[in-house]
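S.K.: Handing over protein_10.tsv, TSV, C-alpha atoms.
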chain	number	residue	atom	x	y	z
E	1	MET	CA	98.53	91.81	80.87
E	2	VAL	CA	95.34	89.91	81.54
E	3	ASN	CA	94.16	88.77	84.97
E	4	ASP	CA	92.00	85.67	84.91
E	5	PHE	CA	91.33	82.48	86.83
E	6	LEU	CA	92.96	79.10	86.33
E	7	VAL	CA	90.63	76.78	84.42
E	8	ARG	CA	92.31	73.41	84.83
E	9	LEU	CA	94.96	72.11	87.18
E	10	SER	CA	96.69	68.78	86.61
E	11	ILE	CA	95.48	66.34	89.24
E	12	ARG	CA	98.46	64.03	88.73
E	13	SER	CA	101.03	66.78	89.30
E	14	ALA	CA	99.17	68.11	92.34
E	15	MET	CA	99.05	64.61	93.82
E	16	PHE	CA	102.75	64.12	93.09
E	17	ALA	CA	103.65	67.43	94.72
E	18	GLY	CA	101.51	66.59	97.74
E	19	ALA	CA	103.13	63.17	98.08
E	20	ILE	CA	106.65	64.61	97.96
E	21	THR	CA	105.77	67.32	100.48
E	22	GLY	CA	104.09	64.82	102.80
E	23	PHE	CA	107.03	62.43	102.58
E	24	VAL	CA	109.59	65.11	103.42
E	25	PHE	CA	107.66	66.39	106.42
E	26	GLY	CA	106.83	62.85	107.52
E	27	LEU	CA	110.45	61.77	107.23
E	28	PHE	CA	111.59	64.66	109.42
E	29	GLY	CA	108.82	64.13	111.96
E	30	GLY	CA	109.31	60.37	111.97
E	31	ALA	CA	113.05	60.62	112.50
E	32	THR	CA	112.43	62.97	115.40
E	33	LEU	CA	109.84	60.57	116.80
E	34	GLY	CA	112.24	57.64	116.38
E	35	ALA	CA	114.96	59.51	118.26
E	36	LEU	CA	112.54	60.26	121.09
E	37	ILE	CA	111.38	56.62	121.23
E	38	SER	CA	114.96	55.37	121.37
E	39	TRP	CA	115.95	57.91	124.01
E	40	PHE	CA	112.92	57.16	126.20
E	41	ALA	CA	113.57	53.42	125.91
E	42	GLY	CA	117.11	53.94	127.20
E	43	ALA	CA	115.88	56.22	129.97
E	44	ILE	CA	113.31	53.63	131.09
E	45	VAL	CA	115.95	50.88	131.12
E	46	ASP	CA	118.25	53.03	133.28
E	47	TRP	CA	115.37	53.93	135.58
E	48	GLN	CA	114.46	50.26	135.94
E	49	ALA	CA	118.04	49.36	136.88
E	50	GLN	CA	118.27	52.12	139.49
E	51	LEU	CA	114.85	51.28	140.92
E	52	GLY	CA	115.64	47.58	141.13
E	53	PHE	CA	118.95	48.28	142.85
E	54	SER	CA	117.53	50.77	145.35
E	55	LEU	CA	114.49	48.64	146.24
E	56	GLY	CA	116.27	45.31	146.08
E	57	VAL	CA	113.57	43.84	143.84
E	58	THR	CA	113.99	41.78	140.67
E	59	GLN	CA	113.25	43.47	137.37
E	60	GLN	CA	110.19	41.31	136.66
E	61	LEU	CA	108.39	42.84	139.67
E	62	LEU	CA	109.00	46.42	138.54
E	63	PRO	CA	106.74	48.36	136.15
E	64	LEU	CA	107.56	47.37	132.55
E	65	GLY	CA	109.73	44.59	133.97
E	66	ASP	CA	108.79	42.07	131.28
E	67	GLN	CA	109.62	44.51	128.47
E	68	VAL	CA	113.17	45.30	129.60
E	69	ARG	CA	114.76	43.16	126.87
E	70	SER	CA	112.75	44.80	124.09
E	71	LEU	CA	113.43	48.26	125.52
E	72	GLU	CA	117.15	47.48	125.63
E	73	TYR	CA	116.97	46.30	122.03
E	74	VAL	CA	115.29	49.56	120.95
E	75	ALA	CA	117.78	51.67	122.93
E	76	ASP	CA	120.81	49.76	121.63
E	77	ARG	CA	119.65	49.69	118.00
E	78	TRP	CA	118.91	53.41	117.77
E	79	PHE	CA	120.71	53.63	114.41
E	80	LEU	CA	118.07	51.28	112.97
E	81	VAL	CA	115.06	52.60	114.91
E	82	ILE	CA	115.40	56.24	113.87
E	83	PRO	CA	115.48	55.66	110.06
E	84	ALA	CA	112.83	52.92	110.24
E	85	VAL	CA	110.35	55.10	112.12
E	86	GLY	CA	111.24	58.02	109.83
E	87	LEU	CA	110.50	55.98	106.70
E	88	ILE	CA	107.25	54.56	108.09
E	89	VAL	CA	105.94	57.98	109.10
E	90	GLY	CA	107.26	59.42	105.81
E	91	VAL	CA	105.27	56.91	103.77
E	92	LEU	CA	102.15	57.67	105.80
E	93	GLY	CA	102.76	61.38	105.26
E	94	ALA	CA	103.20	60.76	101.53
E	95	LEU	CA	99.84	58.97	101.37
E	96	ILE	CA	98.13	61.81	103.21
E	97	GLY	CA	99.85	64.38	100.97
E	98	LEU	CA	98.87	62.40	97.88
E	99	LEU	CA	95.21	62.45	98.84
E	100	ALA	CA	95.31	66.09	99.95
E	101	GLY	CA	96.97	67.19	96.70
E	102	GLY	CA	94.40	65.32	94.63
E	103	LEU	CA	91.53	66.81	96.63
E	104	TRP	CA	92.96	70.30	96.26
E	105	ALA	CA	93.34	69.90	92.49
E	106	VAL	CA	89.77	68.60	92.16
E	107	LEU	CA	88.41	71.52	94.17
E	108	VAL	CA	90.37	73.98	92.03
E	109	ASN	CA	89.08	72.34	88.83
E	110	MET	CA	85.50	72.48	90.13
E	111	GLY	CA	85.85	76.19	90.88
E	112	VAL	CA	85.54	75.93	94.65
E	113	PHE	CA	89.03	77.36	95.20
E	114	PRO	CA	89.70	79.68	92.26
E	115	ILE	CA	93.31	80.62	91.55
E	116	GLU	CA	93.92	84.01	89.97
E	117	VAL	CA	96.74	84.17	87.43
E	118	ALA	CA	98.30	87.05	85.52
E	119	VAL	CA	99.03	86.33	81.86
E	120	TYR	CA	101.21	88.48	79.63
E	121	ARG	CA	100.19	88.56	76.00
E	122	GLN	CA	102.79	88.32	73.30
E	123	GLY	CA	104.22	91.76	72.63
E	124	ASP	CA	103.19	93.22	75.98
E	125	THR	CA	105.98	94.27	78.27
E	126	PRO	CA	105.61	93.35	81.90
E	127	MET	CA	105.07	96.24	84.28
E	128	ARG	CA	107.96	96.87	86.62
E	129	ARG	CA	107.58	97.46	90.29
E	130	ALA	CA	109.01	100.57	91.84
E	131	SER	CA	111.55	98.48	93.72
E	132	ASP	CA	112.78	96.91	90.45
E	133	ARG	CA	113.46	100.23	88.76
E	134	ARG	CA	117.01	101.36	88.71
E	135	GLY	CA	117.85	104.97	88.64
E	136	VAL	CA	119.37	105.97	85.32
E	137	ARG	CA	122.23	108.39	85.81
E	138	THR	CA	123.28	110.62	83.00
E	139	ARG	CA	126.77	111.37	84.23
E	140	PRO	CA	129.18	108.88	85.73
E	141	ARG	CA	129.92	109.19	89.39
E	142	LYS	CA	133.47	109.91	90.46
E	143	ALA	CA	135.21	108.05	93.18
E	144	ALA	CA	136.07	109.87	96.38
E	145	GLY	CA	139.18	111.98	96.03
E	146	GLU	CA	139.08	112.42	92.23
Take the structure in this file and express it as structure tokens.

M.R.:
Amino acid sequence: MVNDFLVRLSIRSAMFAGAITGFVFGLFGGATLGALISWFAGAIVDWQAQLGFSLGVTQQLLPLGDQVRSLEYVADRWFLVIPAVGLIVGVLGALIGLLAGGLWAVLVNMGVFPIEVAVYRQGDTPMRRASDRRGVRTRPRKAAGE
């Protein structure tokens, strides 16, 4: 077994891995953000209705009164808002992951972030850890009651 440092890392594969990772995390975060946006839009619409009824004022005079129709649209179309925001944030996360993966691969190739690897030569047997060893028993164990 030889311990050495990685000489070259594929920039394309590191960028691809970064893009996939960024997209997955962005999709999850974006879907969560879309759900929060849709929920808050519905909560604001309900608050506006209660405030208008209790004060006896038209909706245009209330805060966010002009945006009530768009807030209702967002709250009612939650099944479109959540995936759309998730995909938009996922694509942005993929772009960030793409650039971060490429930067990481370049820094590894330049030697700024060395990666140590263990290489087994042909014919060498890998060393086992103590937890991997199995006790070898010479005589078979008998079941209880035999």

S.K.: I'd like the interatomic distance between CA of Leu107 in chain E and CA of Arg8 in chain E, to a tenth of an Å.

M.R.: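 CA of Leu107 in chain E sits 10.3 Å away from CA of Arg8 in chain E.
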
S.K.: How many Å separate CA of Pro114 in chain E from CA of Leu6 in chain E?

M.R.: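 Result for CA of Pro114 in chain E versus CA of Leu6 in chain E: 6.8 Å, one decimal.
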
S.K.: Pick out the closest residue to Gly90 in chain E from this set: E:Val68, E:Ala19, E:Leu61, E:Ile44. Count all atoms listed in the file.

M.R.: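 Between E:Val68, E:Ala19, E:Leu61, E:Ile44, the residue approaching Gly90 in chain E most closely is E:Ala19.
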
S.K.: CA of Gly29 in chain E and CA of Val89 in chain E are how many Å apart?

M.R.: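 Computing it gives 7.4 Å between the two atoms.
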
S.K.: Select, from E:Leu9, E:Leu27, E:Leu33, E:Leu71, the residue with the minimum atom-to-atom distance to Val91 in chain E, counting only C-alpha atoms.

M.R.: E:Leu27
